[in-house]
$ cat query.cif   # mmCIF, C-alpha atoms
data_run
loop_
_atom_site.label_atom_id
_atom_site.label_comp_id
_atom_site.auth_asym_id
_atom_site.auth_seq_id
_atom_site.Cartn_x
_atom_site.Cartn_y
_atom_site.Cartn_z
CA MET A 1 -52.36 197.09 -13.78
CA LYS A 2 -53.27 193.40 -13.72
CA ARG A 3 -56.10 192.72 -11.27
CA ARG A 4 -55.60 189.57 -9.23
CA VAL A 5 -58.45 187.73 -7.49
CA VAL A 6 -58.22 185.99 -4.12
CA ILE A 7 -60.50 184.01 -1.81
CA THR A 8 -61.01 185.72 1.55
CA GLY A 9 -64.06 183.93 2.96
CA VAL A 10 -65.56 180.43 3.04
CA GLY A 11 -69.12 179.45 4.01
CA ALA A 12 -70.54 175.92 3.97
CA VAL A 13 -73.94 174.35 4.55
CA SER A 14 -73.22 170.71 3.80
CA PRO A 15 -74.29 167.14 4.59
CA ILE A 16 -71.03 166.74 6.56
CA GLY A 17 -71.30 169.92 8.57
CA ILE A 18 -72.64 173.44 8.79
CA GLY A 19 -69.93 176.10 8.96
CA LYS A 20 -66.34 176.02 7.76
CA GLU A 21 -64.88 174.42 10.89
CA GLU A 22 -67.27 171.46 10.98
CA PHE A 23 -67.01 171.00 7.21
CA VAL A 24 -63.19 170.92 7.28
CA LYS A 25 -63.12 168.60 10.30
CA SER A 26 -65.37 166.13 8.47
CA LEU A 27 -63.24 166.31 5.31
CA LYS A 28 -60.14 165.46 7.32
CA GLU A 29 -61.92 162.61 9.13
CA GLY A 30 -63.42 161.14 5.94
CA LYS A 31 -66.93 161.39 7.33
CA SER A 32 -69.91 160.25 5.26
CA GLY A 33 -72.98 162.48 5.19
CA VAL A 34 -75.18 159.87 3.49
CA GLY A 35 -78.09 158.24 5.29
CA LYS A 36 -81.72 157.21 4.98
CA ILE A 37 -83.98 159.92 3.59
CA THR A 38 -85.92 161.60 6.41
CA ARG A 39 -87.43 164.48 4.42
CA PHE A 40 -90.42 162.52 3.11
CA GLU A 41 -92.01 159.08 3.10
CA ASN A 42 -90.11 156.84 0.68
CA GLU A 43 -91.44 153.32 1.19
CA ASP A 44 -92.51 153.04 -2.43
CA LEU A 45 -89.39 154.62 -3.90
CA GLN A 46 -86.56 152.64 -5.44
CA VAL A 47 -83.97 154.96 -3.85
CA LYS A 48 -84.26 155.60 -0.11
CA ILE A 49 -80.93 157.29 0.63
CA ALA A 50 -79.48 160.77 0.22
CA ALA A 51 -76.97 163.17 1.80
CA GLU A 52 -79.25 165.52 3.72
CA VAL A 53 -78.14 168.63 5.61
CA LYS A 54 -78.61 167.96 9.32
CA ASP A 55 -79.50 170.38 12.14
CA PHE A 56 -80.01 173.42 9.94
CA ASN A 57 -81.76 176.16 11.92
CA VAL A 58 -82.81 178.87 9.49
CA GLU A 59 -83.59 181.26 12.35
CA ASN A 60 -79.84 181.62 12.93
CA TYR A 61 -79.72 183.52 9.63
CA LEU A 62 -83.20 184.79 8.79
CA SER A 63 -86.33 185.95 10.58
CA LYS A 64 -89.35 183.64 10.47
CA ARG A 65 -91.03 186.00 8.03
CA GLU A 66 -88.03 186.12 5.70
CA ALA A 67 -87.59 182.35 5.80
CA LYS A 68 -91.26 181.68 5.06
CA ARG A 69 -90.86 183.54 1.77
CA MET A 70 -87.82 181.58 0.60
CA ASP A 71 -87.40 178.09 -0.76
CA LEU A 72 -84.91 175.94 1.16
CA TYR A 73 -82.28 176.39 -1.56
CA SER A 74 -82.41 180.17 -1.03
CA GLN A 75 -82.21 179.72 2.74
CA TYR A 76 -79.09 177.59 2.35
CA GLY A 77 -77.55 180.19 0.03
CA VAL A 78 -78.22 183.11 2.38
CA ALA A 79 -76.88 181.15 5.37
CA ALA A 80 -73.65 180.12 3.63
CA SER A 81 -73.18 183.67 2.32
CA GLN A 82 -73.52 185.10 5.82
CA MET A 83 -70.93 182.63 7.09
CA ALA A 84 -68.56 183.49 4.24
CA LEU A 85 -68.90 187.24 4.81
CA GLU A 86 -68.29 186.79 8.53
CA ASP A 87 -65.30 184.57 7.80
CA ALA A 88 -63.91 187.26 5.47
CA LYS A 89 -64.50 189.90 8.18
CA ILE A 90 -66.06 192.26 5.65
CA ASP A 91 -67.52 195.43 7.17
CA LEU A 92 -70.65 195.84 5.06
CA ASP A 93 -71.03 199.47 6.18
CA ASN A 94 -67.65 200.42 4.74
CA ILE A 95 -67.55 198.96 1.24
CA ASP A 96 -68.75 200.30 -2.11
CA LYS A 97 -72.05 198.42 -2.50
CA GLU A 98 -72.10 199.13 -6.23
CA ARG A 99 -68.89 197.11 -6.60
CA PHE A 100 -70.18 194.29 -4.39
CA GLY A 101 -71.89 191.53 -6.37
CA VAL A 102 -73.46 188.08 -6.23
CA ILE A 103 -72.93 185.31 -8.81
CA ILE A 104 -74.60 182.04 -7.79
CA GLY A 105 -75.04 178.67 -9.48
CA SER A 106 -78.05 176.40 -9.02
CA GLY A 107 -79.13 173.57 -11.26
CA ILE A 108 -82.73 173.13 -10.15
CA GLY A 109 -83.71 176.04 -7.88
CA GLY A 110 -86.92 175.87 -5.89
CA ILE A 111 -88.17 172.43 -6.82
CA GLY A 112 -89.41 171.82 -3.26
CA THR A 113 -91.72 174.81 -3.53
CA PHE A 114 -92.82 173.70 -7.00
CA GLU A 115 -93.85 170.26 -5.71
CA GLU A 116 -95.57 171.66 -2.63
CA GLN A 117 -97.60 174.21 -4.61
CA SER A 118 -98.43 171.66 -7.32
CA ASN A 119 -100.01 169.45 -4.67
CA ILE A 120 -101.97 172.41 -3.28
CA PHE A 121 -103.18 173.22 -6.79
CA LYS A 122 -104.37 169.65 -7.38
CA ASP A 123 -105.95 169.19 -3.96
CA ARG A 124 -107.36 172.63 -3.18
CA GLY A 125 -107.53 174.60 -6.42
CA ALA A 126 -105.87 177.56 -8.09
CA LYS A 127 -107.03 180.16 -5.57
CA ARG A 128 -104.96 178.51 -2.83
CA ILE A 129 -101.65 178.90 -4.64
CA SER A 130 -99.24 181.08 -2.65
CA PRO A 131 -98.50 184.56 -4.05
CA PHE A 132 -94.87 183.75 -3.25
CA PHE A 133 -94.90 180.60 -5.39
CA ILE A 134 -93.06 182.10 -8.38
CA PRO A 135 -90.45 184.19 -6.49
CA MET A 136 -89.73 181.25 -4.22
CA MET A 137 -89.34 178.79 -7.08
CA ILE A 138 -87.39 180.59 -9.79
CA THR A 139 -83.72 179.69 -9.98
CA ASN A 140 -82.32 183.23 -9.89
CA MET A 141 -83.93 184.06 -6.57
CA ALA A 142 -81.14 182.76 -4.32
CA ALA A 143 -78.84 185.36 -5.89
CA GLY A 144 -81.58 187.95 -5.52
CA ASN A 145 -82.23 187.12 -1.88
CA ILE A 146 -78.52 187.16 -1.03
CA ALA A 147 -78.14 190.57 -2.67
CA ILE A 148 -81.17 191.96 -0.84
CA LYS A 149 -79.99 190.60 2.50
CA PHE A 150 -76.49 192.08 2.24
CA LYS A 151 -77.26 195.10 -0.01
CA ALA A 152 -75.00 193.96 -2.83
CA LYS A 153 -75.78 196.37 -5.68
CA GLY A 154 -73.09 195.27 -8.12
CA PRO A 155 -73.14 192.50 -10.75
CA ASN A 156 -75.80 189.86 -10.05
CA GLU A 157 -76.26 186.68 -12.05
CA THR A 158 -77.42 183.12 -11.73
CA ILE A 159 -75.75 180.38 -13.74
CA VAL A 160 -77.78 177.28 -14.61
CA THR A 161 -75.61 174.61 -16.23
CA ALA A 162 -76.72 171.54 -14.29
CA CYS A 163 -73.88 170.09 -12.22
CA ALA A 164 -71.40 172.63 -13.61
CA SER A 165 -73.46 175.63 -12.43
CA SER A 166 -71.47 176.84 -9.45
CA THR A 167 -68.05 176.28 -10.99
CA HIS A 168 -69.21 178.40 -13.90
CA ALA A 169 -70.47 180.95 -11.34
CA ILE A 170 -67.08 181.11 -9.61
CA GLY A 171 -65.32 181.39 -12.96
CA ASP A 172 -67.61 184.21 -14.08
CA ALA A 173 -67.14 186.04 -10.74
CA PHE A 174 -63.38 185.72 -11.20
CA GLU A 175 -63.59 187.24 -14.67
CA ILE A 176 -65.86 190.09 -13.49
CA ILE A 177 -63.39 191.16 -10.81
CA LYS A 178 -60.42 190.65 -13.12
CA ARG A 179 -61.84 192.97 -15.77
CA GLY A 180 -62.66 195.66 -13.20
CA ASP A 181 -66.46 195.45 -12.89
CA GLY A 182 -66.45 194.62 -9.18
CA ASP A 183 -64.23 194.33 -6.12
CA ILE A 184 -66.04 191.76 -3.95
CA ILE A 185 -68.27 188.94 -5.21
CA ILE A 186 -70.27 186.43 -3.19
CA THR A 187 -70.12 183.32 -5.35
CA GLY A 188 -70.60 179.56 -5.36
CA GLY A 189 -73.77 177.52 -5.43
CA THR A 190 -76.82 176.33 -3.57
CA GLU A 191 -79.26 173.45 -4.05
CA ALA A 192 -82.09 171.75 -2.13
CA SER A 193 -83.46 169.09 -4.43
CA ILE A 194 -83.94 166.09 -2.13
CA THR A 195 -87.64 165.85 -2.95
CA GLU A 196 -89.91 163.00 -3.99
CA MET A 197 -90.08 164.01 -7.64
CA SER A 198 -86.42 164.89 -7.97
CA VAL A 199 -85.20 161.65 -6.40
CA SER A 200 -87.73 159.66 -8.43
CA GLY A 201 -86.68 161.39 -11.65
CA PHE A 202 -82.99 160.67 -11.21
CA ALA A 203 -83.82 157.11 -10.12
CA SER A 204 -85.83 156.59 -13.31
CA MET A 205 -82.71 157.52 -15.26
CA LYS A 206 -80.80 154.81 -13.35
CA ALA A 207 -78.40 157.54 -12.23
CA LEU A 208 -78.67 156.97 -8.46
CA SER A 209 -77.13 154.34 -6.23
CA THR A 210 -79.59 151.79 -4.86
CA ARG A 211 -77.33 150.67 -2.02
CA ASN A 212 -80.16 151.40 0.41
CA ASP A 213 -78.93 148.94 3.03
CA GLN A 214 -75.50 150.65 3.32
CA PRO A 215 -76.09 154.39 2.86
CA GLU A 216 -72.68 155.48 4.12
CA LYS A 217 -71.01 153.14 1.58
CA ALA A 218 -73.19 154.11 -1.39
CA SER A 219 -71.16 157.00 -2.81
CA ARG A 220 -67.93 155.37 -4.00
CA PRO A 221 -66.29 157.32 -6.84
CA PHE A 222 -63.82 155.37 -8.98
CA ASP A 223 -64.51 152.14 -7.06
CA LYS A 224 -65.21 149.10 -9.21
CA ASP A 225 -68.52 148.47 -7.42
CA ARG A 226 -69.95 151.97 -7.89
CA ASP A 227 -73.58 151.91 -8.95
CA GLY A 228 -74.62 155.55 -9.24
CA PHE A 229 -74.45 158.84 -7.43
CA VAL A 230 -76.08 159.82 -4.15
CA MET A 231 -78.08 163.04 -4.15
CA GLY A 232 -76.85 165.70 -1.77
CA GLU A 233 -77.91 169.23 -0.89
CA GLY A 234 -76.54 172.42 0.64
CA ALA A 235 -74.50 175.47 -0.31
CA GLY A 236 -70.83 176.27 -0.79
CA ILE A 237 -70.03 179.98 -0.91
CA LEU A 238 -66.75 181.84 -1.41
CA ILE A 239 -65.90 185.51 -1.09
CA LEU A 240 -63.83 186.51 -4.12
CA GLU A 241 -62.00 189.79 -3.73
CA GLU A 242 -59.62 191.90 -5.76
CA LEU A 243 -56.18 191.46 -4.23
CA GLU A 244 -55.34 195.11 -3.47
CA HIS A 245 -58.80 195.60 -1.95
CA ALA A 246 -58.18 192.58 0.30
CA LYS A 247 -54.68 193.71 1.26
CA LYS A 248 -55.88 197.18 2.25
CA ARG A 249 -58.06 195.66 4.95
CA ASN A 250 -55.48 193.02 5.95
CA ALA A 251 -57.76 190.16 4.94
CA LYS A 252 -56.81 186.52 5.39
CA ILE A 253 -56.19 184.98 1.96
CA TYR A 254 -57.03 181.29 1.53
CA ALA A 255 -55.93 181.00 -2.08
CA GLU A 256 -55.74 182.86 -5.37
CA VAL A 257 -58.06 182.14 -8.30
CA LEU A 258 -55.76 181.74 -11.29
CA GLY A 259 -57.60 180.18 -14.20
CA TYR A 260 -61.03 179.28 -15.56
CA GLY A 261 -61.84 176.92 -18.40
CA LEU A 262 -65.13 175.88 -19.96
CA SER A 263 -66.25 173.69 -22.82
CA CYS A 264 -69.14 171.67 -24.19
CA ASP A 265 -69.16 168.02 -25.21
CA ALA A 266 -71.90 168.62 -27.83
CA ASN A 267 -72.43 164.89 -27.56
CA HIS A 268 -75.37 163.63 -25.45
CA ILE A 269 -77.90 164.99 -22.95
CA THR A 270 -76.51 162.93 -20.05
CA THR A 271 -73.53 160.79 -21.07
CA PRO A 272 -70.09 162.48 -21.16
CA ALA A 273 -68.17 162.60 -24.43
CA GLU A 274 -66.13 159.48 -25.09
CA ASN A 275 -62.71 159.49 -23.43
CA GLY A 276 -63.68 162.68 -21.58
CA GLU A 277 -62.48 164.89 -24.41
CA GLY A 278 -64.74 167.77 -23.34
CA ALA A 279 -63.48 167.66 -19.76
CA ARG A 280 -59.93 167.54 -21.08
CA ARG A 281 -60.45 170.73 -23.10
CA SER A 282 -61.96 172.52 -20.09
CA MET A 283 -59.00 171.59 -17.87
CA GLU A 284 -56.51 172.51 -20.58
CA MET A 285 -58.08 175.94 -21.03
CA ALA A 286 -58.04 176.65 -17.28
CA ILE A 287 -54.35 175.69 -17.04
CA LYS A 288 -53.41 177.77 -20.08
CA LYS A 289 -55.29 180.84 -18.84
CA ALA A 290 -53.58 180.48 -15.46
CA GLY A 291 -50.21 180.63 -17.21
CA LEU A 292 -49.32 177.16 -15.97
CA LYS A 293 -48.39 173.77 -17.42
CA PRO A 294 -50.15 170.48 -16.57
CA GLU A 295 -47.02 169.45 -14.66
CA ASP A 296 -47.60 172.34 -12.21
CA ILE A 297 -50.89 170.94 -10.88
CA ASP A 298 -50.57 169.06 -7.59
CA TYR A 299 -54.18 168.09 -6.91
CA ILE A 300 -57.38 167.60 -8.89
CA ASN A 301 -60.74 167.80 -7.17
CA ALA A 302 -62.54 165.50 -9.57
CA HIS A 303 -66.19 165.71 -10.53
CA GLY A 304 -66.11 162.03 -9.51
CA THR A 305 -69.83 161.26 -9.24
CA SER A 306 -69.66 157.50 -8.60
CA THR A 307 -71.33 156.76 -11.93
CA TYR A 308 -69.71 154.39 -14.41
CA TYR A 309 -69.09 156.69 -17.39
CA ASN A 310 -68.28 159.90 -15.51
CA ASP A 311 -65.56 158.28 -13.41
CA LEU A 312 -64.12 156.36 -16.34
CA TYR A 313 -64.05 159.23 -18.83
CA GLU A 314 -62.83 161.81 -16.31
CA THR A 315 -59.99 159.45 -15.41
CA MET A 316 -59.16 159.04 -19.12
CA ALA A 317 -59.18 162.82 -19.62
CA ILE A 318 -56.81 163.32 -16.68
CA LYS A 319 -54.46 160.59 -17.88
CA ASP A 320 -54.32 162.11 -21.35
CA LEU A 321 -53.74 165.74 -20.27
CA PHE A 322 -51.39 164.98 -17.37
CA LYS A 323 -49.49 162.14 -18.99
CA ASN A 324 -46.11 163.72 -18.22
CA SER A 325 -46.85 164.05 -14.49
CA ILE A 326 -49.42 161.33 -13.90
CA ASP A 327 -47.26 159.59 -11.28
CA LYS A 328 -47.31 162.64 -8.99
CA ILE A 329 -50.87 163.90 -9.49
CA LYS A 330 -53.33 163.42 -6.62
CA VAL A 331 -57.05 163.13 -7.41
CA SER A 332 -60.02 162.85 -5.07
CA SER A 333 -63.78 163.25 -4.99
CA ILE A 334 -65.44 164.68 -1.90
CA LYS A 335 -68.77 163.48 -3.32
CA SER A 336 -67.83 160.22 -1.60
CA MET A 337 -68.62 162.13 1.63
CA THR A 338 -71.07 164.88 0.68
CA GLY A 339 -73.00 163.11 -2.03
CA HIS A 340 -73.64 165.07 -5.23
CA LEU A 341 -74.93 168.60 -4.55
CA LEU A 342 -75.88 168.98 -8.23
CA GLY A 343 -75.69 172.70 -9.09
CA ALA A 344 -73.99 173.44 -5.76
CA ALA A 345 -71.32 170.74 -6.17
CA GLY A 346 -68.68 173.04 -7.62
CA GLY A 347 -69.27 175.57 -4.85
CA ILE A 348 -68.76 173.18 -1.95
CA GLU A 349 -65.82 171.56 -3.77
CA ALA A 350 -64.13 174.94 -4.38
CA CYS A 351 -64.54 175.57 -0.64
CA ALA A 352 -62.78 172.24 -0.03
CA CYS A 353 -59.94 173.19 -2.40
CA ALA A 354 -59.46 176.60 -0.78
CA VAL A 355 -59.20 175.20 2.75
CA ALA A 356 -57.06 172.29 1.54
CA ILE A 357 -54.53 174.75 0.12
CA ASP A 358 -54.66 176.88 3.26
CA GLU A 359 -54.40 174.00 5.75
CA GLU A 360 -52.15 171.75 3.62
CA PHE A 361 -54.17 168.56 3.37
CA LEU A 362 -55.82 166.44 0.69
CA PRO A 363 -59.46 165.41 1.20
CA PRO A 364 -59.88 161.67 0.67
CA THR A 365 -62.07 159.59 -1.60
CA ILE A 366 -63.80 157.38 0.96
CA ASN A 367 -65.35 153.98 0.15
CA TYR A 368 -62.52 153.20 -2.27
CA GLU A 369 -62.35 149.46 -1.62
CA ASN A 370 -62.19 147.60 -4.93
CA LYS A 371 -59.84 148.90 -7.59
CA ASP A 372 -61.23 149.34 -11.09
CA GLU A 373 -58.53 148.46 -13.60
CA GLU A 374 -59.74 151.31 -15.83
CA CYS A 375 -59.69 153.86 -12.98
CA ASP A 376 -56.12 153.57 -11.79
CA LEU A 377 -55.01 157.00 -10.52
CA ASP A 378 -54.04 157.98 -6.97
CA TYR A 379 -57.49 158.86 -5.62
CA VAL A 380 -56.27 159.62 -2.06
CA PRO A 381 -58.09 156.47 -0.89
CA ASN A 382 -60.06 156.53 2.37
CA LYS A 383 -57.77 158.77 4.45
CA ALA A 384 -56.84 162.43 4.15
CA GLU A 385 -53.17 163.17 3.52
CA ASN A 386 -51.13 166.06 4.92
CA ILE A 387 -49.52 167.52 1.82
CA LYS A 388 -48.71 171.05 0.73
CA ILE A 389 -50.66 172.02 -2.38
CA ASP A 390 -49.44 174.85 -4.59
CA TYR A 391 -51.96 174.44 -7.40
CA ALA A 392 -55.37 172.71 -7.31
CA LEU A 393 -57.77 172.16 -10.19
CA SER A 394 -61.50 171.57 -9.61
CA ASN A 395 -63.78 170.02 -12.25
CA SER A 396 -67.55 170.15 -12.66
CA LEU A 397 -69.22 168.33 -15.53
CA GLY A 398 -72.94 168.81 -16.15
CA PHE A 399 -75.79 167.19 -18.04
CA GLY A 400 -75.96 168.70 -21.49
CA GLY A 401 -72.21 168.23 -21.79
CA GLN A 402 -71.37 171.52 -20.05
CA ASN A 403 -67.92 171.46 -18.42
CA ALA A 404 -66.14 173.90 -16.13
CA SER A 405 -62.72 173.90 -14.46
CA ILE A 406 -61.07 176.38 -12.13
CA ILE A 407 -57.49 176.63 -10.88
CA LEU A 408 -56.76 177.78 -7.32
CA GLY A 409 -53.21 178.46 -6.18
CA ARG A 410 -51.33 179.22 -2.99
CA TYR A 411 -51.16 183.00 -2.70
CA LYS A 412 -47.73 184.45 -3.46
CA GLU A 413 -46.80 188.13 -3.32
#
$ encode --input "query.cif" --output "structure tokens"
Amino acid sequence: MKRRVVITGVGAVSPIGIGKEEFVKSLKEGKSGVGKITRFENEDLQVKIAAEVKDFNVENYLSKREAKRMDLYSQYGVAASQMALEDAKIDLDNIDKERFGVIIGSGIGGIGTFEEQSNIFKDRGAKRISPFFIPMMITNMAAGNIAIKFKAKGPNETIVTACASSTHAIGDAFEIIKRGDGDIIITGGTEASITEMSVSGFASMKALSTRNDQPEKASRPFDKDRDGFVMGEGAGILILEELEHAKKRNAKIYAEVLGYGLSCDANHITTPAENGEGARRSMEMAIKKAGLKPEDIDYINAHGTSTYYNDLYETMAIKDLFKNSIDKIKVSSIKSMTGHLLGAAGGIEACACAVAIDEEFLPPTINYENKDEECDLDYVPNKAENIKIDYALSNSLGFGGQNASIILGRYKE
């Protein structure tokens, strides 16, 4: 029997709200989560803005002792996972823990801990390094901590493919359930990389917006005056569940996961392949594996970083693949609101797609003010639209030319 995979829970720790309700409300209102960096002194830095998570109280999810032994990215992941499990109404005492897994994406992992302990090493010597330094820093530990917290003894992996990490994680979780190796998977991504070195490194690459005087206007995907992405942070977590397992417990179903595509540009360490040919192949694979045609897709959640080449080439890829339905396709980038969550971007954006299908609305691309003649699709400019979506495609395109696309659809018996 064919095993179908559905989304039964959503958890969000984001720059535009903590928890599904606040996150969705902000998406509908077109709220910007970008502001001046408060996490560290930045007078001497070229970039002074980011999309920070506000009002996160770790003690709502972890004891002080547990939290002290986790990097912030792990804390975000555990918190969003708890929210998603609660949203899915999963009774952890009455599931098969060996068929309950965790697949998480993170591009950078515990860089905050790395920087902190590096400074201790330089200032106070090797003997003052924390014994928790390594397990706090390594990128697989969010998945490990989530599994420990919720006793998930099934498949456990961490995907590290830069900005494509959590879309790859969701796709892999989908395939694991589909082939019968699990029934429930906590999946998505988490990232906490708003640190001095991380911001400085991306700034040195000229990848970040320097619109320091207008933070809320800085992330402007597809706009002619875009000048780079804005770093964000947080976690977006979904509960993926085998359909019959979900139906037996009368679970709410947000959407069905239908297809997963992946490809590599094999072109350049940071610049996308010309004309977006790698992104095109990833989207095409996802659509084919879902048993759909390009004309079936209603909405594309674009990678849409607000950088020149990403927005241009992703637009070109969409226009080429969807040429027969380009007049009806809706495209938007929630990075205009959340900033770019790096390895967690695909997770929070899949959350947005799931709730958009469930609540019948399109998240907007805010700050779309000056049309770029080369980026000329319907980007749902500035205001959310109330539209029924049957099929949504979400793209994530990472440094190294690693691309991932997933298809979510309205659940049908």
$ residues_around --input "query.cif" --residues "A:Glu277" --least-positions-apart "2" --cutoff "9 Å" --atoms "all atoms listed in the file" --output "ChimeraX atom specification"
/A:265,272-275,279-282,313-314,316-317
$ residues_around --input "query.cif" --residues "A:Ala84" --least-positions-apart "2" --cutoff "12 Å" --atoms "all atoms listed in the file" --output "ChimeraX atom specification"
/A:7-13,18-21,77-82,86-90,146,150,184-188,235-240,351
$ atom_distance --input "query.cif" --atom1 "atom CA of A:Ala344" --atom2 "atom CA of A:Gly398"
11.4 Å
$ residues_near_point --input "query.cif" --point "(-67.9, 165.6, -3.8)" --cutoff "8 Å" --atoms "all atoms listed in the file" --output "PyMOL selection string"
chain A and resi 302-305+333-341+345+348-349
$ atom_distance --input "query.cif" --atom1 "atom CA of A:Gly109" --atom2 "atom CA of A:Gln46"
23.7 Å
$ closest_residue --input "query.cif" --among "A:Leu27, A:Met83, A:Val380, A:Ile159" --to "A:Ala404" --atoms "only C-alpha atoms"
A:Ile159
$ residues_around --input "query.cif" --residues "A:Pro215" --least-positions-apart "4" --cutoff "10 Å" --atoms "all atoms listed in the file" --output "PDB file with C-alpha atoms, in the coordinates of the input"
ATOM      1  CA  SER A  32     -69.910 160.250   5.260  1.00  0.00           C
ATOM      2  CA  GLY A  33     -72.980 162.480   5.190  1.00  0.00           C
ATOM      3  CA  VAL A  34     -75.180 159.870   3.490  1.00  0.00           C
ATOM      4  CA  GLY A  35     -78.090 158.240   5.290  1.00  0.00           C
ATOM      5  CA  LYS A  36     -81.720 157.210   4.980  1.00  0.00           C
ATOM      6  CA  ILE A  37     -83.980 159.920   3.590  1.00  0.00           C
ATOM      7  CA  LYS A  48     -84.260 155.600  -0.110  1.00  0.00           C
ATOM      8  CA  ILE A  49     -80.930 157.290   0.630  1.00  0.00           C
ATOM      9  CA  ALA A  50     -79.480 160.770   0.220  1.00  0.00           C
ATOM     10  CA  ALA A  51     -76.970 163.170   1.800  1.00  0.00           C
ATOM     11  CA  SER A 209     -77.130 154.340  -6.230  1.00  0.00           C
ATOM     12  CA  THR A 210     -79.590 151.790  -4.860  1.00  0.00           C
ATOM     13  CA  ARG A 211     -77.330 150.670  -2.020  1.00  0.00           C
ATOM     14  CA  SER A 219     -71.160 157.000  -2.810  1.00  0.00           C
ATOM     15  CA  VAL A 230     -76.080 159.820  -4.150  1.00  0.00           C
TER      16      VAL A 230
END
$ atom_distance --input "query.cif" --atom1 "atom CA of A:Glu41" --atom2 "atom CA of A:Gly110"
19.7 Å
$ closest_residue --input "query.cif" --among "A:Lys25, A:His168, A:Arg69, A:Lys328" --to "A:Gly346" --atoms "all atoms listed in the file"
A:His168
$ resolve_selection --input "query.cif" --expression "the PyMOL selection byres ((chain A and resi 194-199) around 7)" --output "list of chain:residue names"
A:Gly112, A:Ala192, A:Ser193, A:Ser200, A:Gly201, A:Phe202, A:Ala203, A:Met231, A:Glu233
$ closest_residue --input "query.cif" --among "A:Ala384, A:Ile108, A:Met283, A:Ala152" --to "A:Gly189" --atoms "all atoms listed in the file"
A:Ile108
$ resolve_selection --input "query.cif" --expression "the PyMOL selection byres ((chain A and resi 135) around 10)" --output "list in words"
Arg69, Met70, Asp71, Gly110, Thr113, Pro131, Phe132, Phe133, Ile134, Met136, Met137, Ile138, Thr139, Asn140, Met141, Ala142, Gly144 and Asn145 of chain A
$ closest_residue --input "query.cif" --among "A:Met1, A:Met285, A:Ser63, A:Ser130" --to "A:Gly180" --atoms "only C-alpha atoms"
A:Met1
$ closest_residue --input "query.cif" --among "A:Ala354, A:Ile170, A:Val331, A:Ala162" --to "A:Phe222" --atoms "only C-alpha atoms"
A:Val331
$ closest_residue --input "query.cif" --among "A:Val24, A:Ile357, A:Leu342, A:Ile297" --to "A:Asp327" --atoms "all atoms listed in the file"
A:Ile297
$ residues_around --input "query.cif" --residues "A:Asn403" --least-positions-apart "5" --cutoff "7 Å" --atoms "only C-alpha atoms" --output "list in words"
Ala164, Leu262, Ser263, Cys264, Gly278, Ala279, Ser282, Ser396, Leu397 and Gly398 of chain A
$ build_atoms --input "query.cif" --residues "stretch 237-245 of chain A" --atoms "N, CA, C and O atoms" --output "mmCIF file, in the coordinates of the input"
data_model
loop_
_atom_site.group_PDB
_atom_site.id
_atom_site.type_symbol
_atom_site.label_atom_id
_atom_site.label_comp_id
_atom_site.auth_asym_id
_atom_site.auth_seq_id
_atom_site.Cartn_x
_atom_site.Cartn_y
_atom_site.Cartn_z
ATOM 1 N N ILE A 237 -70.177 178.588 -0.504
ATOM 2 C CA ILE A 237 -70.030 179.980 -0.910
ATOM 3 C C ILE A 237 -68.618 180.484 -0.599
ATOM 4 O O ILE A 237 -68.086 180.236 0.486
ATOM 5 N N LEU A 238 -68.054 181.200 -1.563
ATOM 6 C CA LEU A 238 -66.750 181.840 -1.410
ATOM 7 C C LEU A 238 -66.903 183.353 -1.533
ATOM 8 O O LEU A 238 -67.782 183.828 -2.260
ATOM 9 N N ILE A 239 -66.046 184.082 -0.842
ATOM 10 C CA ILE A 239 -65.900 185.510 -1.090
ATOM 11 C C ILE A 239 -64.684 185.693 -1.978
ATOM 12 O O ILE A 239 -63.558 185.378 -1.576
ATOM 13 N N LEU A 240 -64.916 186.156 -3.208
ATOM 14 C CA LEU A 240 -63.830 186.510 -4.120
ATOM 15 C C LEU A 240 -63.592 188.006 -4.015
ATOM 16 O O LEU A 240 -64.552 188.788 -3.986
ATOM 17 N N GLU A 241 -62.331 188.387 -3.966
ATOM 18 C CA GLU A 241 -62.000 189.790 -3.730
ATOM 19 C C GLU A 241 -60.768 190.179 -4.540
ATOM 20 O O GLU A 241 -59.835 189.386 -4.685
ATOM 21 N N GLU A 242 -60.792 191.381 -5.053
ATOM 22 C CA GLU A 242 -59.620 191.900 -5.760
ATOM 23 C C GLU A 242 -58.474 192.033 -4.764
ATOM 24 O O GLU A 242 -58.670 192.463 -3.629
ATOM 25 N N LEU A 243 -57.296 191.606 -5.158
ATOM 26 C CA LEU A 243 -56.180 191.460 -4.230
ATOM 27 C C LEU A 243 -55.857 192.750 -3.465
ATOM 28 O O LEU A 243 -55.712 192.724 -2.237
ATOM 29 N N GLU A 244 -55.718 193.871 -4.153
ATOM 30 C CA GLU A 244 -55.340 195.110 -3.470
ATOM 31 C C GLU A 244 -56.417 195.541 -2.478
ATOM 32 O O GLU A 244 -56.116 196.060 -1.399
ATOM 33 N N HIS A 245 -57.678 195.300 -2.846
ATOM 34 C CA HIS A 245 -58.800 195.600 -1.950
ATOM 35 C C HIS A 245 -58.684 194.755 -0.686
ATOM 36 O O HIS A 245 -58.879 195.247 0.438
#
